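Asks: Structure: query_35.pdb, PDB, C-alpha atoms.
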ATOM      1  CA  MET A1166      32.866  75.211 169.329  1.00  0.00           C
ATOM      2  CA  ALA A1167      32.977  75.281 173.126  1.00  0.00           C
ATOM      3  CA  GLN A1168      30.945  72.596 174.897  1.00  0.00           C
ATOM      4  CA  LYS A1169      27.921  73.925 176.739  1.00  0.00           C
ATOM      5  CA  LYS A1170      28.327  74.029 180.511  1.00  0.00           C
ATOM      6  CA  LEU A1171      25.524  73.078 182.887  1.00  0.00           C
ATOM      7  CA  SER A1172      25.162  74.085 186.526  1.00  0.00           C
ATOM      8  CA  ILE A1173      24.206  71.371 189.007  1.00  0.00           C
ATOM      9  CA  ARG A1174      24.461  70.852 192.736  1.00  0.00           C
ATOM     10  CA  ILE A1175      26.127  67.795 194.214  1.00  0.00           C
ATOM     11  CA  ASP A1176      25.636  67.476 197.964  1.00  0.00           C
ATOM     12  CA  GLY A1177      24.783  71.170 198.058  1.00  0.00           C
ATOM     13  CA  GLN A1178      27.891  72.329 196.214  1.00  0.00           C
ATOM     14  CA  LEU A1179      27.287  74.228 192.993  1.00  0.00           C
ATOM     15  CA  ILE A1180      29.466  72.935 190.169  1.00  0.00           C
ATOM     16  CA  SER A1181      29.728  73.458 186.420  1.00  0.00           C
ATOM     17  CA  ALA A1182      30.053  70.450 184.126  1.00  0.00           C
ATOM     18  CA  PRO A1183      29.959  69.882 180.349  1.00  0.00           C
ATOM     19  CA  GLU A1184      26.648  68.898 178.807  1.00  0.00           C
ATOM     20  CA  GLY A1185      26.582  65.175 178.069  1.00  0.00           C
ATOM     21  CA  GLN A1186      28.462  64.098 181.171  1.00  0.00           C
ATOM     22  CA  THR A1187      26.906  61.636 183.586  1.00  0.00           C
ATOM     23  CA  ILE A1188      26.420  62.421 187.253  1.00  0.00           C
ATOM     24  CA  LEU A1189      29.327  60.101 188.046  1.00  0.00           C
ATOM     25  CA  GLN A1190      31.691  61.827 185.626  1.00  0.00           C
ATOM     26  CA  ALA A1191      30.753  65.268 186.930  1.00  0.00           C
ATOM     27  CA  ALA A1192      31.190  64.117 190.514  1.00  0.00           C
ATOM     28  CA  ARG A1193      34.625  62.615 189.865  1.00  0.00           C
ATOM     29  CA  GLU A1194      35.889  65.709 188.083  1.00  0.00           C
ATOM     30  CA  ASN A1195      34.873  67.790 191.099  1.00  0.00           C
ATOM     31  CA  GLY A1196      36.316  65.536 193.794  1.00  0.00           C
ATOM     32  CA  LYS A1197      33.032  63.939 194.842  1.00  0.00           C
ATOM     33  CA  TYR A1198      33.165  60.225 195.676  1.00  0.00           C
ATOM     34  CA  ILE A1199      30.397  57.892 194.511  1.00  0.00           C
ATOM     35  CA  PRO A1200      30.991  54.137 195.061  1.00  0.00           C
ATOM     36  CA  THR A1201      31.008  51.857 192.006  1.00  0.00           C
ATOM     37  CA  LEU A1202      31.865  48.269 191.118  1.00  0.00           C
ATOM     38  CA  CYS A1203      30.810  47.808 187.505  1.00  0.00           C
ATOM     39  CA  ASP A1204      32.039  51.182 186.264  1.00  0.00           C
ATOM     40  CA  LEU A1205      35.509  51.605 184.798  1.00  0.00           C
ATOM     41  CA  PRO A1206      36.532  54.946 183.284  1.00  0.00           C
ATOM     42  CA  GLY A1207      37.127  54.562 179.568  1.00  0.00           C
ATOM     43  CA  ILE A1208      34.478  51.931 178.810  1.00  0.00           C
ATOM     44  CA  THR A1209      30.736  52.229 178.305  1.00  0.00           C
ATOM     45  CA  PRO A1210      28.762  52.359 181.590  1.00  0.00           C
ATOM     46  CA  VAL A1211      25.937  49.849 182.049  1.00  0.00           C
ATOM     47  CA  GLY A1212      24.592  50.433 185.574  1.00  0.00           C
ATOM     48  CA  ALA A1213      24.897  46.745 186.502  1.00  0.00           C
ATOM     49  CA  CYS A1214      25.960  46.833 190.151  1.00  0.00           C
ATOM     50  CA  ARG A1215      23.662  49.638 191.406  1.00  0.00           C
ATOM     51  CA  MET A1216      26.266  50.768 193.919  1.00  0.00           C
ATOM     52  CA  CYS A1217      26.413  54.261 192.415  1.00  0.00           C
ATOM     53  CA  ILE A1218      22.738  55.064 193.027  1.00  0.00           C
ATOM     54  CA  VAL A1219      22.067  58.663 194.023  1.00  0.00           C
ATOM     55  CA  GLU A1220      19.098  60.783 195.015  1.00  0.00           C
ATOM     56  CA  VAL A1221      17.966  63.469 192.559  1.00  0.00           C
ATOM     57  CA  ALA A1222      15.595  66.187 193.700  1.00  0.00           C
ATOM     58  CA  GLY A1223      12.202  65.909 192.051  1.00  0.00           C
ATOM     59  CA  THR A1224      12.087  62.121 191.743  1.00  0.00           C
ATOM     60  CA  ASP A1225      11.528  59.378 194.311  1.00  0.00           C
ATOM     61  CA  ARG A1226      13.541  56.894 192.284  1.00  0.00           C
ATOM     62  CA  LEU A1227      17.162  56.196 193.085  1.00  0.00           C
ATOM     63  CA  LEU A1228      19.138  56.734 189.885  1.00  0.00           C
ATOM     64  CA  PRO A1229      22.443  55.142 188.800  1.00  0.00           C
ATOM     65  CA  ALA A1230      24.995  57.946 188.603  1.00  0.00           C
ATOM     66  CA  CYS A1231      27.029  56.162 185.924  1.00  0.00           C
ATOM     67  CA  THR A1232      24.251  56.199 183.311  1.00  0.00           C
ATOM     68  CA  THR A1233      22.211  59.270 184.288  1.00  0.00           C
ATOM     69  CA  PRO A1234      23.146  62.399 182.288  1.00  0.00           C
ATOM     70  CA  ILE A1235      23.317  65.689 184.115  1.00  0.00           C
ATOM     71  CA  GLN A1236      20.636  68.318 183.546  1.00  0.00           C
ATOM     72  CA  ASP A1237      20.854  72.030 184.171  1.00  0.00           C
ATOM     73  CA  GLY A1238      19.675  72.857 187.686  1.00  0.00           C
ATOM     74  CA  MET A1239      19.829  69.240 188.862  1.00  0.00           C
ATOM     75  CA  SER A1240      20.371  68.703 192.601  1.00  0.00           C
ATOM     76  CA  VAL A1241      22.079  65.428 193.521  1.00  0.00           C
ATOM     77  CA  THR A1242      22.658  63.758 196.888  1.00  0.00           C
ATOM     78  CA  THR A1243      25.400  61.127 196.911  1.00  0.00           C
ATOM     79  CA  ASN A1244      25.232  60.000 200.532  1.00  0.00           C
ATOM     80  CA  SER A1245      22.229  59.558 202.816  1.00  0.00           C
ATOM     81  CA  PRO A1246      20.813  56.876 205.153  1.00  0.00           C
ATOM     82  CA  ARG A1247      18.515  55.715 202.355  1.00  0.00           C
ATOM     83  CA  LEU A1248      21.382  55.375 199.899  1.00  0.00           C
ATOM     84  CA  VAL A1249      23.594  53.540 202.390  1.00  0.00           C
ATOM     85  CA  LYS A1250      20.766  51.113 203.179  1.00  0.00           C
ATOM     86  CA  ASN A1251      20.149  50.301 199.523  1.00  0.00           C
ATOM     87  CA  ARG A1252      23.842  50.012 198.692  1.00  0.00           C
ATOM     88  CA  ARG A1253      24.309  47.582 201.564  1.00  0.00           C
ATOM     89  CA  ILE A1254      21.421  45.451 200.301  1.00  0.00           C
ATOM     90  CA  SER A1255      22.873  45.396 196.778  1.00  0.00           C
ATOM     91  CA  LEU A1256      26.272  44.416 198.126  1.00  0.00           C
ATOM     92  CA  GLU A1257      24.842  41.661 200.330  1.00  0.00           C
ATOM     93  CA  LEU A1258      22.963  40.219 197.363  1.00  0.00           C
ATOM     94  CA  LEU A1259      26.234  40.069 195.428  1.00  0.00           C
ATOM     95  CA  LEU A1260      27.904  38.288 198.329  1.00  0.00           C
ATOM     96  CA  VAL A1261      25.219  35.610 198.737  1.00  0.00           C
ATOM     97  CA  GLU A1262      25.054  34.717 195.035  1.00  0.00           C
ATOM     98  CA  ARG A1263      28.673  33.540 194.783  1.00  0.00           C
ATOM     99  CA  ASN A1264      31.323  32.048 197.072  1.00  0.00           C
ATOM    100  CA  HIS A1265      33.449  35.011 198.115  1.00  0.00           C
ATOM    101  CA  THR A1266      35.785  33.366 200.638  1.00  0.00           C
ATOM    102  CA  CYS A1267      38.446  36.036 200.918  1.00  0.00           C
ATOM    103  CA  ALA A1268      40.924  34.031 202.995  1.00  0.00           C
ATOM    104  CA  VAL A1269      41.766  31.746 200.066  1.00  0.00           C
ATOM    105  CA  CYS A1270      41.480  34.238 197.192  1.00  0.00           C
ATOM    106  CA  VAL A1271      44.427  35.525 195.165  1.00  0.00           C
ATOM    107  CA  SER A1272      42.888  39.019 195.280  1.00  0.00           C
ATOM    108  CA  ASN A1273      42.450  39.123 199.062  1.00  0.00           C
ATOM    109  CA  GLY A1274      43.495  42.597 200.170  1.00  0.00           C
ATOM    110  CA  HIS A1275      43.348  43.901 196.594  1.00  0.00           C
ATOM    111  CA  CYS A1276      39.670  43.277 195.819  1.00  0.00           C
ATOM    112  CA  GLU A1277      37.180  46.036 195.043  1.00  0.00           C
ATOM    113  CA  LEU A1278      34.255  43.981 196.359  1.00  0.00           C
ATOM    114  CA  GLN A1279      36.096  43.379 199.618  1.00  0.00           C
ATOM    115  CA  SER A1280      37.015  47.059 199.920  1.00  0.00           C
ATOM    116  CA  MET A1281      33.400  48.077 199.268  1.00  0.00           C
ATOM    117  CA  ALA A1282      32.157  45.725 201.977  1.00  0.00           C
ATOM    118  CA  THR A1283      34.640  47.241 204.415  1.00  0.00           C
ATOM    119  CA  ALA A1284      33.644  50.793 203.481  1.00  0.00           C
ATOM    120  CA  LEU A1285      29.933  50.038 203.962  1.00  0.00           C
ATOM    121  CA  GLY A1286      30.471  48.019 207.134  1.00  0.00           C
ATOM    122  CA  VAL A1287      29.142  44.802 205.627  1.00  0.00           C
ATOM    123  CA  ASN A1288      30.668  41.909 207.587  1.00  0.00           C
ATOM    124  CA  THR A1289      27.564  39.682 207.684  1.00  0.00           C
ATOM    125  CA  VAL A1290      24.624  39.186 205.326  1.00  0.00           C
ATOM    126  CA  ARG A1291      20.936  38.988 206.201  1.00  0.00           C
ATOM    127  CA  PHE A1292      19.993  36.757 203.264  1.00  0.00           C
ATOM    128  CA  ALA A1293      20.444  33.018 202.812  1.00  0.00           C
ATOM    129  CA  TYR A1294      23.398  31.985 200.665  1.00  0.00           C
ATOM    130  CA  ASN A1295      22.113  30.825 197.312  1.00  0.00           C
ATOM    131  CA  PHE A1296      24.908  29.407 195.206  1.00  0.00           C
ATOM    132  CA  SER A1297      26.177  26.047 194.061  1.00  0.00           C
ATOM    133  CA  LYS A1298      29.783  25.088 193.514  1.00  0.00           C
ATOM    134  CA  LEU A1299      30.689  26.572 190.150  1.00  0.00           C
ATOM    135  CA  SER A1300      33.380  25.565 187.709  1.00  0.00           C
ATOM    136  CA  VAL A1301      36.892  26.960 187.435  1.00  0.00           C
ATOM    137  CA  ASP A1302      38.296  27.257 183.904  1.00  0.00           C
ATOM    138  CA  LEU A1303      42.025  26.491 183.941  1.00  0.00           C
ATOM    139  CA  SER A1304      42.320  25.821 180.223  1.00  0.00           C
ATOM    140  CA  HIS A1305      44.111  29.077 179.339  1.00  0.00           C
ATOM    141  CA  PRO A1306      47.925  28.839 179.562  1.00  0.00           C
ATOM    142  CA  ARG A1307      48.274  32.190 181.398  1.00  0.00           C
ATOM    143  CA  TYR A1308      44.975  32.993 183.085  1.00  0.00           C
ATOM    144  CA  VAL A1309      42.193  31.428 185.139  1.00  0.00           C
ATOM    145  CA  LEU A1310      38.448  32.065 185.310  1.00  0.00           C
ATOM    146  CA  ASP A1311      36.767  31.272 188.632  1.00  0.00           C
ATOM    147  CA  HIS A1312      33.003  31.650 188.298  1.00  0.00           C
ATOM    148  CA  ASN A1313      32.675  31.425 192.086  1.00  0.00           C
ATOM    149  CA  ARG A1314      34.256  34.902 192.436  1.00  0.00           C
ATOM    150  CA  CYS A1315      32.420  36.630 189.584  1.00  0.00           C
ATOM    151  CA  ILE A1316      29.997  39.485 190.380  1.00  0.00           C
ATOM    152  CA  LEU A1317      28.736  39.816 186.779  1.00  0.00           C
ATOM    153  CA  CYS A1318      29.906  43.412 186.468  1.00  0.00           C
ATOM    154  CA  THR A1319      30.729  42.775 182.755  1.00  0.00           C
ATOM    155  CA  ARG A1320      33.859  44.927 182.914  1.00  0.00           C
ATOM    156  CA  CYS A1321      35.771  42.101 181.207  1.00  0.00           C
ATOM    157  CA  VAL A1322      33.151  41.919 178.443  1.00  0.00           C
ATOM    158  CA  ARG A1323      33.301  45.648 177.732  1.00  0.00           C
ATOM    159  CA  VAL A1324      37.084  45.993 177.965  1.00  0.00           C
ATOM    160  CA  CYS A1325      37.612  43.080 175.580  1.00  0.00           C
ATOM    161  CA  ALA A1326      35.113  44.507 173.099  1.00  0.00           C
ATOM    162  CA  GLU A1327      35.872  48.218 173.358  1.00  0.00           C
ATOM    163  CA  LEU A1328      39.596  48.445 174.120  1.00  0.00           C
ATOM    164  CA  GLU A1329      40.976  45.218 172.636  1.00  0.00           C
ATOM    165  CA  GLY A1330      38.362  44.716 169.911  1.00  0.00           C
ATOM    166  CA  ALA A1331      38.416  40.936 170.334  1.00  0.00           C
ATOM    167  CA  HIS A1332      34.846  40.364 171.593  1.00  0.00           C
ATOM    168  CA  VAL A1333      35.825  37.166 173.408  1.00  0.00           C
ATOM    169  CA  TRP A1334      33.521  37.500 176.412  1.00  0.00           C
ATOM    170  CA  GLU A1335      29.730  37.498 176.659  1.00  0.00           C
ATOM    171  CA  MET A1336      26.962  36.856 179.172  1.00  0.00           C
ATOM    172  CA  VAL A1337      24.689  33.819 179.037  1.00  0.00           C
ATOM    173  CA  SER A1338      21.477  33.076 180.948  1.00  0.00           C
ATOM    174  CA  ARG A1339      19.815  35.475 183.380  1.00  0.00           C
ATOM    175  CA  GLY A1340      19.587  36.261 187.080  1.00  0.00           C
ATOM    176  CA  ILE A1341      21.455  34.010 189.467  1.00  0.00           C
ATOM    177  CA  ASN A1342      22.207  31.589 186.609  1.00  0.00           C
ATOM    178  CA  ALA A1343      24.045  34.207 184.544  1.00  0.00           C
ATOM    179  CA  ARG A1344      27.627  33.395 183.589  1.00  0.00           C
ATOM    180  CA  ILE A1345      30.545  34.989 181.774  1.00  0.00           C
ATOM    181  CA  VAL A1346      31.515  32.811 178.812  1.00  0.00           C
ATOM    182  CA  SER A1347      34.171  32.974 176.104  1.00  0.00           C
ATOM    183  CA  ASP A1348      33.700  32.376 172.372  1.00  0.00           C
ATOM    184  CA  LEU A1349      30.132  31.044 172.419  1.00  0.00           C
ATOM    185  CA  ASN A1350      30.678  29.015 175.583  1.00  0.00           C
ATOM    186  CA  GLN A1351      33.990  27.423 174.634  1.00  0.00           C
ATOM    187  CA  LYS A1352      36.734  26.900 177.180  1.00  0.00           C
ATOM    188  CA  TRP A1353      38.873  30.022 177.498  1.00  0.00           C
ATOM    189  CA  GLY A1354      41.962  28.162 176.304  1.00  0.00           C
ATOM    190  CA  GLU A1355      40.090  27.201 173.123  1.00  0.00           C
ATOM    191  CA  ALA A1356      38.855  30.729 172.377  1.00  0.00           C
ATOM    192  CA  LYS A1357      40.379  31.550 168.997  1.00  0.00           C
ATOM    193  CA  ALA A1358      39.487  35.244 169.295  1.00  0.00           C
ATOM    194  CA  CYS A1359      41.489  35.691 172.520  1.00  0.00           C
ATOM    195  CA  THR A1360      44.678  37.713 171.988  1.00  0.00           C
ATOM    196  CA  ASN A1361      46.136  36.820 175.419  1.00  0.00           C
ATOM    197  CA  CYS A1362      46.408  40.545 176.203  1.00  0.00           C
ATOM    198  CA  GLY A1363      45.165  40.241 179.794  1.00  0.00           C
ATOM    199  CA  LYS A1364      43.041  43.386 179.695  1.00  0.00           C
ATOM    200  CA  CYS A1365      40.017  41.481 180.991  1.00  0.00           C
ATOM    201  CA  VAL A1366      42.069  40.196 183.933  1.00  0.00           C
ATOM    202  CA  GLN A1367      43.199  43.686 184.895  1.00  0.00           C
ATOM    203  CA  ALA A1368      39.637  45.012 184.560  1.00  0.00           C
ATOM    204  CA  CYS A1369      38.125  42.388 186.870  1.00  0.00           C
ATOM    205  CA  PRO A1370      37.343  43.883 190.313  1.00  0.00           C
ATOM    206  CA  THR A1371      37.577  40.525 192.138  1.00  0.00           C
ATOM    207  CA  GLY A1372      39.555  37.296 191.881  1.00  0.00           C
ATOM    208  CA  ALA A1373      37.247  35.883 189.198  1.00  0.00           C
ATOM    209  CA  LEU A1374      39.832  36.542 186.487  1.00  0.00           C
ATOM    210  CA  ALA A1375      43.415  36.154 187.587  1.00  0.00           C
ATOM    211  CA  GLU A1376      46.861  35.380 186.282  1.00  0.00           C
ATOM    212  CA  LYS A1377      48.229  31.933 187.023  1.00  0.00           C
ATOM    213  CA  GLY A1378      51.161  31.612 189.397  1.00  0.00           C
ATOM    214  CA  TRP A1379      49.966  34.024 192.089  1.00  0.00           C
ATOM    215  CA  ALA A1380      49.252  32.832 195.633  1.00  0.00           C
ATOM    216  CA  VAL A1381      46.680  34.169 198.121  1.00  0.00           C
ATOM    217  CA  GLU A1382      46.810  37.993 198.432  1.00  0.00           C
ATOM    218  CA  GLU A1383      49.346  38.359 195.591  1.00  0.00           C
ATOM    219  CA  MET A1384      47.146  39.296 192.609  1.00  0.00           C
ATOM    220  CA  VAL A1385      47.142  43.087 192.198  1.00  0.00           C
ATOM    221  CA  LYS A1386      45.054  44.516 189.338  1.00  0.00           C
ATOM    222  CA  ARG A1387      46.168  47.598 187.361  1.00  0.00           C
ATOM    223  CA  ASN A1388      42.994  48.847 185.725  1.00  0.00           C
ATOM    224  CA  ASP A1389      44.358  52.403 185.785  1.00  0.00           C
ATOM    225  CA  ASN A1390      46.449  51.326 182.776  1.00  0.00           C
ATOM    226  CA  LEU A1391      43.223  50.568 180.915  1.00  0.00           C
ATOM    227  CA  THR A1392      41.849  54.014 181.691  1.00  0.00           C
ATOM    228  CA  SER A1393      45.117  55.563 180.508  1.00  0.00           C
ATOM    229  CA  LEU A1394      44.858  53.588 177.254  1.00  0.00           C
ATOM    230  CA  ALA A1395      41.302  54.825 176.718  1.00  0.00           C
ATOM    231  CA  GLN A1396      42.444  58.417 177.278  1.00  0.00           C
ATOM    232  CA  ARG A1397      45.235  58.069 174.722  1.00  0.00           C
ATOM    233  CA  ARG A1398      42.638  56.877 172.236  1.00  0.00           C
ATOM    234  CA  GLY A1399      40.578  59.997 172.842  1.00  0.00           C
ATOM    235  CA  VAL A1400      37.858  58.459 175.014  1.00  0.00           C
ATOM    236  CA  HIS A1401      36.474  60.910 177.550  1.00  0.00           C
ATOM    237  CA  VAL A1402      36.718  59.375 181.005  1.00  0.00           C
TER     238      VAL A1402
END
Please express what this file holds, its structure, as structure tokens.

Replies:
Amino acid sequence: MAQKKLSIRIDGQLISAPEGQTILQAARENGKYIPTLCDLPGITPVGACRMCIVEVAGTDRLLPACTTPIQDGMSVTTNSPRLVKNRRISLELLLVERNHTCAVCVSNGHCELQSMATALGVNTVRFAYNFSKLSVDLSHPRYVLDHNRCILCTRCVRVCAELEGAHVWEMVSRGINARIVSDLNQKWGEAKACTNCGKCVQACPTGALAEKGWAVEEMVKRNDNLTSLAQRRGVHV
């Protein structure tokens, strides 16, 4: 049975998309760019970073494109002064909650957070920095977890659970005190459920999860391989 098609407008362009798709999926399939940090095609969207907010005619609320399903006749705006302002604020809040010193990061030049800041013209922040020096977990023989670089996007949590099936990672606490932890807050190297596959490392958009042995600017992530894996398993991306 053919999937029902819905007609929506994205930035004034009329497009047809399958019922059940999100705004983000429909936009991507029709060549429309919407910025994201927490989204990764092939895993469940959670709307954590709020970078993909869009305007939808008929509501004053800004809606996350990654978790908002399309509706017939919907009119979506993906870029406006209001959206840029709110995306910049969200990005600045991410930057002040952790220590993102690019010059000494293994992902410098290959970091999605850094690229987003460049795209939005964020080179200073208006808010006071609000972070303490966080721990770095070096216990794993191949990988490292640096909480100072983490933006709490949970891509590692979802990839580990949904693509690897290991369920190593989870979130603890809330707000600025939230952390990514492995195996009920054990050191990563002691996590018995970890399969050493490295999917979480490749999914990470920053230098929070990295492979040991790489110097500054050398860590290049390949999360397109994860999307390809999801496609081969029949996941619609």

Asks: From the options A:Ala1268, A:Leu1391, A:Ala1282, A:Met1239, which residue's atoms come nearest to Ser1181 (chain A), counting only C-alpha atoms?

Replies: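 Selected residue with least distance to Ser1181 (chain A): A:Met1239.
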
Asks: For CA of Pro1370 (chain A) and CA of Leu1278 (chain A), quote the distance in Å rounded to one decimal.

Replies: 6.8 Å

Asks: Going by the chain IDs and residue numbers used in this file, which residues fall under the PyMOL selection byres ((chain A and resi 1296) around 8)? Write them as a compact mmCIF listing (two decimals) with C-alpha atoms, in the coordinates of the input.

Replies:
# COMPACT_ATOMS: atom_id res chain seq x y z
CA VAL A 1261 25.22 35.61 198.74
CA GLU A 1262 25.05 34.72 195.04
CA ARG A 1263 28.67 33.54 194.78
CA ASN A 1264 31.32 32.05 197.07
CA TYR A 1294 23.40 31.98 200.66
CA ASN A 1295 22.11 30.82 197.31
CA SER A 1297 26.18 26.05 194.06
CA LYS A 1298 29.78 25.09 193.51

Asks: Any chance you could work out the axis-aligned box around region 1347-1362 of chain A, listed atoms only, 8 Å on each side, giving centre and edge lengths in Å to one decimal, as lines of an AutoDock Vina configuration file?

Replies:
center_x = 38.3
center_y = 33.7
center_z = 173.2
size_x = 32.3
size_y = 29.6
size_z = 24.5

Asks: List the residues matched by the PyMOL selection byres ((chain A and resi 1376) around 8) in the displayed structure as a VMD selection string, ordered by chain and then by residue number.

Replies: chain A and resid 1307 to 1309 1366 1374 to 1375 1377 to 1379 1384

Asks: Excluding same-chain residues fewer than 5 positions from Ile1175 (chain A), what lies within 8 Å of it counting only C-alpha atoms, as a list in words?

Replies: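 Answer for this query is Ile1180, Ala1192, Lys1197, Ser1240, Val1241, Thr1242 and Thr1243 of chain A.
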
Asks: Between CA of Glu1277 (chain A) and CA of Asp1389 (chain A), what is the spacing in Å?

Replies: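 Separation of CA of Asp1389 (chain A) and CA of Glu1277 (chain A): 13.3 Å.
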
Asks: If we count all atoms listed in the file and set the cut-off at 12 Å, which residues sit around Ala1343 (chain A), ignoring sequence neighbours fewer than 3 positions away in its own chain? Please answer as a list in words.

Replies: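 Using all atoms listed in the file, the neighbours found are Glu1262, Arg1263, Phe1296, Leu1299, His1312, Asn1313, Cys1315, Ile1316, Leu1317, Cys1318, Thr1319, Glu1335, Met1336, Val1337, Ser1338, Arg1339, Gly1340 and Val1346 of chain A.
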
Asks: Please report the interatomic distance between CA of Ala1326 (chain A) and CA of Cys1231 (chain A) in Å with one decimal.

Replies: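 CA of Cys1231 (chain A) lies at a distance of 19.1 Å from CA of Ala1326 (chain A).
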
Asks: For Cys1365 (chain A), work out the shell of residues within 9 Å, counting all atoms listed in the file and skipping chain neighbours fewer than 2 positions away, then give it as a ChimeraX atom specification.

Replies: /A:1320-1325,1334,1362-1363,1367-1369,1374

Asks: Taking all atoms listed in the file into account, name the residue in A:Val1385, A:Val1333, A:Ala1284, A:Ala1222 that is nearest to Arg1252 (chain A).

Replies: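 Checking each of A:Val1385, A:Val1333, A:Ala1284, A:Ala1222 against Arg1252 (chain A), counting all atoms listed in the file, the winner is A:Ala1284.
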
Asks: Got a sec to write region 1300-1352 of chain A of the block to a file, C-alpha atoms, as a short mmCIF file (atom, residue, chain, number, x, y, z; two decimals), in the first residue's frame?

Replies:
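The resulting file, decode.cif, is shown below:
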data_model
loop_
_atom_site.label_atom_id
_atom_site.label_comp_id
_atom_site.auth_asym_id
_atom_site.auth_seq_id
_atom_site.Cartn_x
_atom_site.Cartn_y
_atom_site.Cartn_z
CA SER A 1300 36.85 14.99 34.93
CA VAL A 1301 38.41 13.20 31.98
CA ASP A 1302 37.91 9.43 31.87
CA LEU A 1303 41.03 7.76 30.45
CA SER A 1304 40.25 4.29 31.77
CA HIS A 1305 39.25 2.77 28.41
CA PRO A 1306 42.18 1.25 26.48
CA ARG A 1307 41.12 2.81 23.14
CA TYR A 1308 38.93 5.82 23.86
CA VAL A 1309 38.65 8.87 26.10
CA LEU A 1310 35.68 10.73 27.57
CA ASP A 1311 36.20 14.43 28.28
CA HIS A 1312 33.18 15.83 30.10
CA ASN A 1313 34.49 19.36 29.50
CA ARG A 1314 33.67 19.04 25.77
CA CYS A 1315 30.27 17.36 26.10
CA ILE A 1316 27.15 19.23 24.92
CA LEU A 1317 24.71 16.59 26.24
CA CYS A 1318 23.28 15.87 22.80
CA THR A 1319 22.85 12.18 23.80
CA ARG A 1320 23.85 10.96 20.34
CA CYS A 1321 26.25 8.51 22.00
CA VAL A 1322 23.47 7.22 24.26
CA ARG A 1323 21.09 6.60 21.37
CA VAL A 1324 23.65 5.11 18.99
CA CYS A 1325 24.87 2.68 21.64
CA ALA A 1326 21.32 1.62 22.47
CA GLU A 1327 19.74 1.60 19.02
CA LEU A 1328 22.54 0.61 16.63
CA GLU A 1329 24.89 -1.41 18.84
CA GLY A 1330 22.31 -2.68 21.35
CA ALA A 1331 24.76 -2.42 24.24
CA HIS A 1332 23.04 0.30 26.32
CA VAL A 1333 26.32 1.40 27.90
CA TRP A 1334 25.61 5.13 28.12
CA GLU A 1335 23.01 7.06 30.11
CA MET A 1336 22.37 10.53 31.49
CA VAL A 1337 22.51 11.36 35.19
CA SER A 1338 21.39 14.50 37.04
CA ARG A 1339 19.69 17.47 35.41
CA GLY A 1340 20.44 20.90 33.97
CA ILE A 1341 24.01 22.13 34.16
CA ASN A 1342 24.91 19.19 36.42
CA ALA A 1343 23.88 16.58 33.84
CA ARG A 1344 26.56 14.09 32.80
CA ILE A 1345 27.00 11.20 30.39
CA VAL A 1346 27.88 8.06 32.36
CA SER A 1347 28.65 4.46 31.48
CA ASP A 1348 27.28 1.32 33.15
CA LEU A 1349 25.56 2.94 36.14
CA ASN A 1350 28.34 5.47 36.67
CA GLN A 1351 31.29 3.09 36.40
CA LYS A 1352 34.50 4.12 34.69
#
